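Undergrad: One structure, pasted below without further comment.
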Amino acid sequence: QVQLVESGGGLVQAGGSLRLSCAASGISFSMYVMGWYRQAPGKQREAVATITSGGSTNYADSVKGRFTISRDNAKSTVFLQMNSLKLEDTAVYYCHASLVRNNYWGQGTQVTVSS
C-alpha cells in the first residue's frame, strides 16, 4: 500500500519560513519524480516544485528563489523549504510521486500565511 504523509504545515507570519516533509512508503522512492503542489481556495491545483530521481529540480516562477525542494532517498522523504512566505502562498500543499503511469498523492497539509 502506497502512502505519502505530509507534515510541517501551519500558521506563519508573512516573511517567515516553514519546512514541509513528505514521508513515502510502499514505493521504490529513489526511482520516483517527487513534487509539491498546492491548491488555494477557489483555485486549481498548481505545481510548486519537482525533483527527479537524479536530483534535478524545477520551480514555479512564483516561488523561485524562495522555496527549495530536496530529497533524502535513504529516508524516502522529500522536503520543501519555504522562506520569505507571502500571503499568496496560503494553500493546501500536496506531495506527489510519479513514475511512468504511477501517480500518488498525499492527503495535504495546510499552510496559512498571515499579515
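In the C-alpha cells, each chain is lettered A, B, ... as it comes, each chain's residues begin at 1, and ligands are numbered from 1 in order of appearance.
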Neighbouring residues of segment 49-60 of chain A were defined as those with any atom within 7 Å, considering only C-alpha atoms; residues of the same chain fewer than 4 positions away were excluded. Please report them as a ChimeraX atom specification.
TA: /A:30-36,64,69
Undergrad: Give me the residues within 12 Å of Phe67 of chain A as a list in words, counting only C-alpha atoms and dropping any in the same chain fewer than 4 places off.
TA: Gly16, Ser17, Leu18, Arg19, Leu20, Trp36, Val48, Ala49, Thr50, Thr57, Asn58, Tyr59, Ala60, Asp61, Ser62, Val63, Phe79, Leu80, Gln81, Met82, Asn83, Ser84, Leu85, Lys86 and Asp89 of chain A
Undergrad: Go ahead and dump the residues you just picked, N, CA and C atoms, as a CSV table (one decimal), in the first residue's frame.
TA:
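The result, written out as selection_20.csv:
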chain,number,residue,atom,x,y,z
A,16,GLY,N,8.0,34.8,7.1
A,16,GLY,CA,8.5,33.7,7.8
A,16,GLY,C,8.9,32.5,7.0
A,17,SER,N,9.2,31.4,7.7
A,17,SER,CA,9.6,30.2,7.0
A,17,SER,C,8.9,28.9,7.5
A,18,LEU,N,8.7,28.0,6.7
A,18,LEU,CA,8.2,26.6,7.1
A,18,LEU,C,9.0,25.6,6.3
A,19,ARG,N,9.1,24.4,6.8
A,19,ARG,CA,9.6,23.3,6.1
A,19,ARG,C,8.6,22.1,6.1
A,20,LEU,N,8.2,21.8,4.9
A,20,LEU,CA,7.3,20.6,4.7
A,20,LEU,C,8.1,19.4,4.5
A,36,TRP,N,5.9,18.8,-5.1
A,36,TRP,CA,4.9,19.5,-4.2
A,36,TRP,C,4.0,20.4,-5.1
A,48,VAL,N,4.3,23.4,-7.6
A,48,VAL,CA,5.2,24.3,-6.9
A,48,VAL,C,6.6,24.0,-7.2
A,49,ALA,N,7.0,22.7,-7.0
A,49,ALA,CA,8.4,22.3,-7.3
A,49,ALA,C,8.4,20.8,-7.5
A,50,THR,N,9.4,20.4,-8.3
A,50,THR,CA,9.6,18.9,-8.6
A,50,THR,C,11.1,18.6,-8.5
A,57,THR,N,15.9,19.8,-10.3
A,57,THR,CA,14.8,20.5,-9.7
A,57,THR,C,14.1,21.5,-10.7
A,58,ASN,N,12.9,21.7,-10.5
A,58,ASN,CA,12.1,22.7,-11.2
A,58,ASN,C,11.2,23.4,-10.3
A,59,TYR,N,11.0,24.7,-10.5
A,59,TYR,CA,10.1,25.5,-9.7
A,59,TYR,C,9.2,26.4,-10.4
A,60,ALA,N,8.0,26.6,-9.8
A,60,ALA,CA,7.1,27.6,-10.4
A,60,ALA,C,7.8,29.0,-10.3
A,61,ASP,N,7.5,29.8,-11.2
A,61,ASP,CA,8.1,31.2,-11.2
A,61,ASP,C,7.8,31.9,-9.9
A,62,SER,N,6.6,31.7,-9.4
A,62,SER,CA,6.2,32.4,-8.2
A,62,SER,C,7.0,32.1,-6.9
A,63,VAL,N,7.7,30.9,-6.9
A,63,VAL,CA,8.4,30.5,-5.7
A,63,VAL,C,9.9,30.5,-5.9
A,79,PHE,N,11.4,17.1,0.9
A,79,PHE,CA,11.2,18.3,1.7
A,79,PHE,C,10.9,19.5,0.8
A,80,LEU,N,10.3,20.4,1.4
A,80,LEU,CA,10.1,21.7,0.8
A,80,LEU,C,10.4,22.8,1.8
A,81,GLN,N,11.5,23.5,1.6
A,81,GLN,CA,11.9,24.6,2.5
A,81,GLN,C,11.3,25.8,1.9
A,82,MET,N,10.4,26.5,2.7
A,82,MET,CA,9.7,27.7,2.2
A,82,MET,C,10.2,28.9,3.0
A,83,ASN,N,10.8,29.8,2.4
A,83,ASN,CA,11.3,31.1,3.0
A,83,ASN,C,10.6,32.3,2.4
A,84,SER,N,10.7,33.4,3.1
A,84,SER,CA,10.1,34.6,2.7
A,84,SER,C,8.6,34.4,2.3
A,85,LEU,N,7.9,33.7,3.1
A,85,LEU,CA,6.5,33.4,2.7
A,85,LEU,C,5.6,34.6,2.5
A,86,LYS,N,4.7,34.5,1.6
A,86,LYS,CA,3.8,35.6,1.2
A,86,LYS,C,2.4,35.2,1.5
A,89,ASP,N,1.0,32.6,-0.7
A,89,ASP,CA,1.4,31.2,-0.6
A,89,ASP,C,0.4,30.3,0.3
Undergrad: I need the residues of chain A that end up classed as strand (DSSP E or B) by DSSP on the backbone, written out as a PyMOL selection string.
TA: chain A and resi 3-7+10-13+18-25+33-39+46-51+57-59+67-72+77-82+91-99+102-105+109-114
Undergrad: Name all residues at most 10 Å from segment 99-110 of chain A (count only C-alpha atoms; drop same-chain ones fewer than 4 positions away) and give them as number ranges by chain.
TA: A: 2-11, 20-24, 27-29, 31-40, 52-53, 90-95
Undergrad: Write the residues you've just listed into a file as a short mmCIF file (atom, residue, chain, number, x, y, z; two decimals), in the first residue's frame, and include C-alpha atoms for each of them.
TA:
data_model
loop_
_atom_site.label_atom_id
_atom_site.label_comp_id
_atom_site.auth_asym_id
_atom_site.auth_seq_id
_atom_site.Cartn_x
_atom_site.Cartn_y
_atom_site.Cartn_z
CA VAL A 2 1.40 3.35 -1.07
CA GLN A 3 1.35 6.16 1.44
CA LEU A 4 2.57 9.73 1.19
CA VAL A 5 2.32 11.51 4.52
CA GLU A 6 2.93 15.26 4.66
CA SER A 7 3.82 17.20 7.75
CA GLY A 8 5.15 20.61 8.71
CA GLY A 9 2.30 22.85 7.68
CA GLY A 10 0.88 25.51 9.93
CA LEU A 11 0.31 29.20 10.52
CA LEU A 20 7.31 20.65 4.75
CA SER A 21 8.16 16.96 4.79
CA CYS A 22 6.62 14.06 2.92
CA ALA A 23 7.42 10.53 4.02
CA ALA A 24 6.75 7.88 1.40
CA ILE A 27 7.16 2.67 -3.47
CA SER A 28 10.72 2.47 -4.72
CA PHE A 29 11.18 6.06 -3.66
CA MET A 31 13.10 5.99 -8.74
CA TYR A 32 10.21 8.41 -8.49
CA VAL A 33 9.89 12.03 -9.51
CA MET A 34 8.68 13.77 -6.38
CA GLY A 35 6.81 17.02 -6.32
CA TRP A 36 4.94 19.54 -4.24
CA TYR A 37 1.69 21.01 -5.46
CA ARG A 38 -0.68 23.46 -3.83
CA GLN A 39 -4.30 24.45 -4.06
CA ALA A 40 -5.68 27.68 -2.74
CA THR A 52 13.77 13.99 -10.32
CA SER A 53 15.41 10.77 -9.25
CA THR A 90 -1.58 30.24 1.60
CA ALA A 91 -2.88 26.90 0.34
CA VAL A 92 -3.12 23.20 0.99
CA TYR A 93 0.19 21.67 -0.06
CA TYR A 94 0.21 18.17 -1.52
CA CYS A 95 3.05 15.75 -2.00
#
Undergrad: Closest to Gln13 of chain A among A:Ser115, A:Gly26, A:Asp72, A:His96, using only C-alpha atoms?
TA: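 Under the stated criterion, the closest residue is A:Ser115.
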